[in-house]
Amino acid sequence: MNVVIIEDEKVSAEHLALLLKEIDPSIQVILFLDSVEASIEALKNGLEADLLFVDIHLSDGNSFEIFTTINNSIPLIFTTAFDNYAIQAFKQNSIDYLLKPIQFNDLKMAIDKYHRFQKGGNIDLVIQSIAKNYVVQTNSYKSRFLVKKGQIIDSVPVDLVHHFEIKDSLSFLVNQKSNRFTLDYTFDELELILDPKLFFRINRKTIIHFQSIQKIATYFNGRLIITSNFIEADNCIISRERVSDFKKWLDQ
């Protein structure tokens, strides 16, 4: 397996290369790159590698700039000392997201995930699994959301969230006073960062907080419908494919 390491700290790059060799002697680090500019140039020139290890903070910028400039098809594993880029990394179809200092076992698990992906694994399932594991390991479920209304910036604790909804292709946070705030998160991202004990996605347009449910009733075609303030009636219907999971969620 041919690997490229994109890292601006020489010691970190060498440490990663040694760990890779220890995990699998057949892994060859064919190139070290230390900047956004050099990485873009290498990819433009047809860089051939099986896997990229990419530090997020490079000497001349953020490595996400590389992949907004170049259409990359090589699988990625991001490495960083910061834990607040996970969701952005998953958007790039990364195989994994490793926090520095990189540990042998974490790296080995990441390589194993890469091999599973190469054998035909579903990348969406791989990413969901990684994200869920990351959230559990770092205990990083969101505790509050930064929101803005006009010139006012506020922070809404998750305990004061009534529900999340999609309207006109935008995501909104609705608090317990029925105030609505636009969010930059998609619903797929919200499902990864919200505590699943407190929140449940009842359909394509609504993620509800447990305490916001007032009443539940049976509905047509094996569906359920909930009664809840501030949610439009059509968005209170629990789709048939989610009913079983919804009941399990209620019975935790």
# chains A, B, ... in the order shown; residues from 1 in each chain; ligands from 1

$ select_by_dssp --residues "region 41-78 of chain A" --states "strand (DSSP E or B)" --output "PDB file with N, CA and C atoms, in the first residue's frame"
ATOM      1  N   LEU A  51      -3.722   5.831  -0.167  1.00  0.00           N
ATOM      2  CA  LEU A  51      -4.297   6.453   1.030  1.00  0.00           C
ATOM      3  C   LEU A  51      -3.518   7.725   1.367  1.00  0.00           C
ATOM      4  N   LEU A  52      -4.241   8.765   1.767  1.00  0.00           N
ATOM      5  CA  LEU A  52      -3.631  10.012   2.206  1.00  0.00           C
ATOM      6  C   LEU A  52      -3.855  10.195   3.704  1.00  0.00           C
ATOM      7  N   PHE A  53      -2.798  10.537   4.424  1.00  0.00           N
ATOM      8  CA  PHE A  53      -2.921  10.985   5.807  1.00  0.00           C
ATOM      9  C   PHE A  53      -2.752  12.505   5.783  1.00  0.00           C
ATOM     10  N   VAL A  54      -3.755  13.225   6.265  1.00  0.00           N
ATOM     11  CA  VAL A  54      -3.777  14.671   6.066  1.00  0.00           C
ATOM     12  C   VAL A  54      -3.957  15.397   7.396  1.00  0.00           C
ATOM     13  N   ASP A  55      -2.936  16.177   7.773  1.00  0.00           N
ATOM     14  CA  ASP A  55      -3.082  17.068   8.923  1.00  0.00           C
ATOM     15  C   ASP A  55      -3.999  18.217   8.522  1.00  0.00           C
ATOM     16  N   HIS A  57      -4.267  21.423  10.048  1.00  0.00           N
ATOM     17  CA  HIS A  57      -3.588  22.724  10.087  1.00  0.00           C
ATOM     18  C   HIS A  57      -2.211  22.591   9.453  1.00  0.00           C
ATOM     19  N   LEU A  58      -2.034  23.243   8.293  1.00  0.00           N
ATOM     20  CA  LEU A  58      -0.751  23.219   7.590  1.00  0.00           C
ATOM     21  C   LEU A  58      -0.118  24.610   7.630  1.00  0.00           C
ATOM     22  N   GLY A  61      -2.177  27.188   5.558  1.00  0.00           N
ATOM     23  CA  GLY A  61      -3.636  27.206   5.585  1.00  0.00           C
ATOM     24  C   GLY A  61      -4.248  25.919   6.101  1.00  0.00           C
ATOM     25  N   ASN A  62      -5.541  25.807   5.878  1.00  0.00           N
ATOM     26  CA  ASN A  62      -6.331  24.667   6.320  1.00  0.00           C
ATOM     27  C   ASN A  62      -6.398  23.642   5.189  1.00  0.00           C
ATOM     28  N   LEU A  76      -9.053   9.256   2.411  1.00  0.00           N
ATOM     29  CA  LEU A  76      -8.352  10.137   3.344  1.00  0.00           C
ATOM     30  C   LEU A  76      -8.482   9.645   4.777  1.00  0.00           C
ATOM     31  N   ILE A  77      -7.453   9.906   5.555  1.00  0.00           N
ATOM     32  CA  ILE A  77      -7.548   9.827   7.009  1.00  0.00           C
ATOM     33  C   ILE A  77      -7.002  11.143   7.536  1.00  0.00           C
ATOM     34  N   PHE A  78      -7.847  11.927   8.204  1.00  0.00           N
ATOM     35  CA  PHE A  78      -7.411  13.207   8.741  1.00  0.00           C
ATOM     36  C   PHE A  78      -6.739  13.014  10.092  1.00  0.00           C
TER      37      PHE A  78
END

$ residues_around --residues "Lys44 (chain A)" --least-positions-apart "3" --cutoff "10 Å" --atoms "only C-alpha atoms" --output "tab-separated table (two decimals) with N, CA and C atoms, in the first residue's frame"
chain	number	residue	atom	x	y	z
A	38	ALA	N	1.65	22.76	-1.99
A	38	ALA	CA	2.37	21.60	-2.51
A	38	ALA	C	1.42	20.41	-2.73
A	39	SER	N	0.44	20.26	-1.88
A	39	SER	CA	-0.51	19.15	-1.99
A	39	SER	C	-1.40	19.32	-3.21
A	40	ILE	N	-1.87	20.55	-3.44
A	40	ILE	CA	-2.69	20.83	-4.62
A	40	ILE	C	-1.89	20.55	-5.89
A	41	GLU	N	-0.66	20.99	-5.90
A	41	GLU	CA	0.20	20.78	-7.07
A	41	GLU	C	0.41	19.29	-7.33
A	47	LEU	N	-1.06	12.63	-8.69
A	47	LEU	CA	-0.51	11.86	-7.58
A	47	LEU	C	-1.21	10.51	-7.48
A	69	THR	N	-10.43	22.69	-3.81
A	69	THR	CA	-9.76	23.11	-5.05
A	69	THR	C	-9.62	21.95	-6.03
A	70	ILE	N	-9.33	20.77	-5.49
A	70	ILE	CA	-9.08	19.59	-6.32
A	70	ILE	C	-10.15	18.53	-6.08
A	71	ASN	N	-10.61	17.92	-7.14
A	71	ASN	CA	-11.55	16.81	-7.02
A	71	ASN	C	-10.75	15.54	-6.74
A	72	ASN	N	-10.69	15.18	-5.48
A	72	ASN	CA	-9.83	14.07	-5.04
A	72	ASN	C	-10.62	12.77	-4.91

$ residues_around --residues "Pro196 (chain A)" --least-positions-apart "6" --cutoff "12 Å" --atoms "only C-alpha atoms" --output "list of chain:residue names"
A:Lys132, A:Val135, A:Val136, A:Tyr141, A:Lys142, A:Leu190, A:Ile207, A:Ile208, A:His209, A:Phe210, A:Asp245, A:Phe246, A:Lys248, A:Trp249, A:Leu250, A:Gln252

$ select_by_dssp --residues "region 94-214 of chain A" --states "alpha helix (DSSP H)" --output "JSON, numbers by chain"
{"A": [104, 105, 106, 107, 108, 109, 110, 111, 112, 113, 114, 115, 116, 117, 118, 123, 124, 125, 126, 127, 128, 129, 130, 131, 132, 133, 134, 135, 136, 137, 138, 187, 188, 189, 190, 191, 192, 193]}

$ write_last_selection --atoms "N, CA and C atoms" --output "short mmCIF file (atom, residue, chain, number, x, y, z; two decimals), in the first residue's frame"
data_model
loop_
_atom_site.label_atom_id
_atom_site.label_comp_id
_atom_site.auth_asym_id
_atom_site.auth_seq_id
_atom_site.Cartn_x
_atom_site.Cartn_y
_atom_site.Cartn_z
N PHE A 104 -1.04 3.94 18.56
CA PHE A 104 -0.88 2.75 17.72
C PHE A 104 -2.22 2.06 17.45
N ASN A 105 -2.99 1.81 18.50
CA ASN A 105 -4.26 1.07 18.34
C ASN A 105 -5.25 1.85 17.50
N ASP A 106 -5.32 3.16 17.69
CA ASP A 106 -6.24 3.98 16.90
C ASP A 106 -5.85 3.94 15.42
N LEU A 107 -4.56 4.01 15.15
CA LEU A 107 -4.09 3.98 13.77
C LEU A 107 -4.36 2.61 13.14
N LYS A 108 -4.14 1.57 13.89
CA LYS A 108 -4.40 0.22 13.37
C LYS A 108 -5.87 0.05 13.02
N MET A 109 -6.75 0.55 13.89
CA MET A 109 -8.20 0.47 13.60
C MET A 109 -8.55 1.26 12.35
N ALA A 110 -7.90 2.39 12.16
CA ALA A 110 -8.15 3.20 10.97
C ALA A 110 -7.71 2.46 9.70
N ILE A 111 -6.56 1.81 9.76
CA ILE A 111 -6.08 1.02 8.62
C ILE A 111 -7.03 -0.14 8.34
N ASP A 112 -7.53 -0.77 9.38
CA ASP A 112 -8.50 -1.86 9.20
C ASP A 112 -9.77 -1.36 8.53
N LYS A 113 -10.23 -0.16 8.90
CA LYS A 113 -11.41 0.43 8.27
C LYS A 113 -11.14 0.68 6.79
N TYR A 114 -9.95 1.14 6.48
CA TYR A 114 -9.58 1.37 5.09
C TYR A 114 -9.67 0.07 4.29
N HIS A 115 -9.14 -1.01 4.85
CA HIS A 115 -9.18 -2.30 4.15
C HIS A 115 -10.61 -2.78 3.96
N ARG A 116 -11.47 -2.56 4.96
CA ARG A 116 -12.87 -2.96 4.82
C ARG A 116 -13.54 -2.16 3.70
N PHE A 117 -13.22 -0.88 3.63
CA PHE A 117 -13.76 -0.03 2.58
C PHE A 117 -13.30 -0.50 1.21
N GLN A 118 -12.01 -0.88 1.09
CA GLN A 118 -11.46 -1.34 -0.18
C GLN A 118 -12.11 -2.64 -0.64
N ILE A 123 -19.37 3.29 1.96
CA ILE A 123 -18.67 4.42 2.57
C ILE A 123 -19.56 5.18 3.52
N ASP A 124 -20.88 5.30 3.22
CA ASP A 124 -21.78 6.01 4.12
C ASP A 124 -21.86 5.30 5.47
N LEU A 125 -21.92 3.95 5.43
CA LEU A 125 -21.98 3.20 6.68
C LEU A 125 -20.67 3.32 7.44
N VAL A 126 -19.56 3.30 6.71
CA VAL A 126 -18.24 3.46 7.35
C VAL A 126 -18.17 4.80 8.07
N ILE A 127 -18.58 5.86 7.38
CA ILE A 127 -18.52 7.20 7.96
C ILE A 127 -19.43 7.32 9.17
N GLN A 128 -20.66 6.78 9.08
CA GLN A 128 -21.58 6.84 10.21
C GLN A 128 -20.99 6.12 11.41
N SER A 129 -20.38 4.96 11.15
CA SER A 129 -19.77 4.20 12.24
C SER A 129 -18.64 4.98 12.89
N ILE A 130 -17.79 5.58 12.06
CA ILE A 130 -16.67 6.37 12.57
C ILE A 130 -17.20 7.54 13.40
N ALA A 131 -18.19 8.22 12.86
CA ALA A 131 -18.71 9.39 13.55
C ALA A 131 -19.31 9.03 14.90
N LYS A 132 -20.07 7.93 14.94
CA LYS A 132 -20.67 7.52 16.20
C LYS A 132 -19.59 7.13 17.21
N ASN A 133 -18.57 6.42 16.74
CA ASN A 133 -17.47 6.04 17.63
C ASN A 133 -16.74 7.28 18.13
N TYR A 134 -16.53 8.23 17.23
CA TYR A 134 -15.84 9.46 17.61
C TYR A 134 -16.61 10.21 18.70
N VAL A 135 -17.93 10.30 18.52
CA VAL A 135 -18.75 11.02 19.50
C VAL A 135 -18.69 10.34 20.85
N VAL A 136 -18.76 9.00 20.84
CA VAL A 136 -18.70 8.26 22.10
C VAL A 136 -17.35 8.45 22.77
N GLN A 137 -16.26 8.34 21.99
CA GLN A 137 -14.92 8.41 22.56
C GLN A 137 -14.62 9.80 23.12
N THR A 138 -15.12 10.85 22.49
CA THR A 138 -14.78 12.20 22.92
C THR A 138 -15.88 12.83 23.76
N PHE A 187 -29.43 17.82 8.62
CA PHE A 187 -30.03 16.88 9.57
C PHE A 187 -29.13 15.67 9.80
N ASP A 188 -28.41 15.25 8.77
CA ASP A 188 -27.49 14.11 8.94
C ASP A 188 -26.41 14.47 9.96
N GLU A 189 -25.93 15.71 9.91
CA GLU A 189 -24.92 16.15 10.86
C GLU A 189 -25.50 16.26 12.26
N LEU A 190 -26.72 16.79 12.35
CA LEU A 190 -27.36 16.92 13.66
C LEU A 190 -27.54 15.56 14.33
N GLU A 191 -27.89 14.55 13.55
CA GLU A 191 -28.07 13.22 14.13
C GLU A 191 -26.78 12.68 14.74
N LEU A 192 -25.64 13.13 14.23
CA LEU A 192 -24.36 12.66 14.75
C LEU A 192 -23.93 13.39 16.01
N ILE A 193 -24.36 14.63 16.18
CA ILE A 193 -23.86 15.43 17.28
C ILE A 193 -24.87 15.63 18.41
#

$ atom_distance --atom1 "CA of Thr227 (chain A)" --atom2 "CA of Ser171 (chain A)"
21.2 Å

$ closest_residue --among "A:Ile23, A:Ile231, A:Ile226, A:Leu98" --to "His163 (chain A)" --atoms "only C-alpha atoms"
A:Ile231

$ residues_around --residues "Thr206 (chain A)" --least-positions-apart "5" --cutoff "9 Å" --atoms "only C-alpha atoms" --output "list in words"
His163, Phe164, Glu165, Ile166, Phe187, Phe200, Arg201, Ile231, Asn235 and Cys236 of chain A

$ residues_around --residues "Val156 (chain A)" --least-positions-apart "4" --cutoff "8 Å" --atoms "only C-alpha atoms" --output "ChimeraX atom specification"
/A:144-147,160-161,175

$ write_last_selection --atoms "C-alpha atoms" --output "PDB file, in the first residue's frame"
ATOM      1  CA  ARG A 144     -25.562  24.127  23.226  1.00  0.00           C
ATOM      2  CA  PHE A 145     -25.919  25.861  19.862  1.00  0.00           C
ATOM      3  CA  LEU A 146     -24.675  29.304  18.909  1.00  0.00           C
ATOM      4  CA  VAL A 147     -27.522  31.132  17.135  1.00  0.00           C
ATOM      5  CA  LEU A 160     -34.124  24.454  25.841  1.00  0.00           C
ATOM      6  CA  VAL A 161     -34.449  23.071  22.308  1.00  0.00           C
ATOM      7  CA  ASN A 175     -36.656  26.700  21.192  1.00  0.00           C
TER       8      ASN A 175
END

$ residues_around --residues "Ile56 (chain A)" --least-positions-apart "3" --cutoff "9 Å" --atoms "only C-alpha atoms" --output "ChimeraX atom specification"
/A:6-7,61-64,78-82,85

$ write_last_selection --atoms "C-alpha atoms" --output "PDB file, in the first residue's frame"
ATOM      1  CA  ILE A   6       0.529  15.635   4.338  1.00  0.00           C
ATOM      2  CA  GLU A   7       1.946  17.138   7.519  1.00  0.00           C
ATOM      3  CA  GLY A  61      -3.636  27.206   5.585  1.00  0.00           C
ATOM      4  CA  ASN A  62      -6.331  24.667   6.320  1.00  0.00           C
ATOM      5  CA  SER A  63      -6.061  21.376   4.438  1.00  0.00           C
ATOM      6  CA  PHE A  64      -9.786  21.427   3.592  1.00  0.00           C
ATOM      7  CA  PHE A  78      -7.411  13.207   8.741  1.00  0.00           C
ATOM      8  CA  THR A  79      -5.036  13.822  11.637  1.00  0.00           C
ATOM      9  CA  THR A  80      -5.229  16.789  13.991  1.00  0.00           C
ATOM     10  CA  ALA A  81      -4.699  17.967  17.536  1.00  0.00           C
ATOM     11  CA  PHE A  82      -8.173  19.522  17.506  1.00  0.00           C
ATOM     12  CA  TYR A  85     -13.316  19.457  12.721  1.00  0.00           C
TER      13      TYR A  85
END

$ closest_residue --among "A:Arg204, A:Gln211, A:Met1, A:Asp154" --to "Lys21 (chain A)" --atoms "only C-alpha atoms"
A:Met1

$ closest_residue --among "A:Ile74, A:Ile225, A:Ile30, A:Leu19" --to "Ile95 (chain A)" --atoms "only C-alpha atoms"
A:Ile74

$ closest_residue --among "A:Leu194, A:Ile216, A:Ser12, A:Phe230" --to "Gln176 (chain A)" --atoms "only C-alpha atoms"
A:Phe230

$ closest_residue --among "A:Lys215, A:Arg223, A:Ile102, A:Ser35" --to "Ala17 (chain A)" --atoms "only C-alpha atoms"
A:Ile102
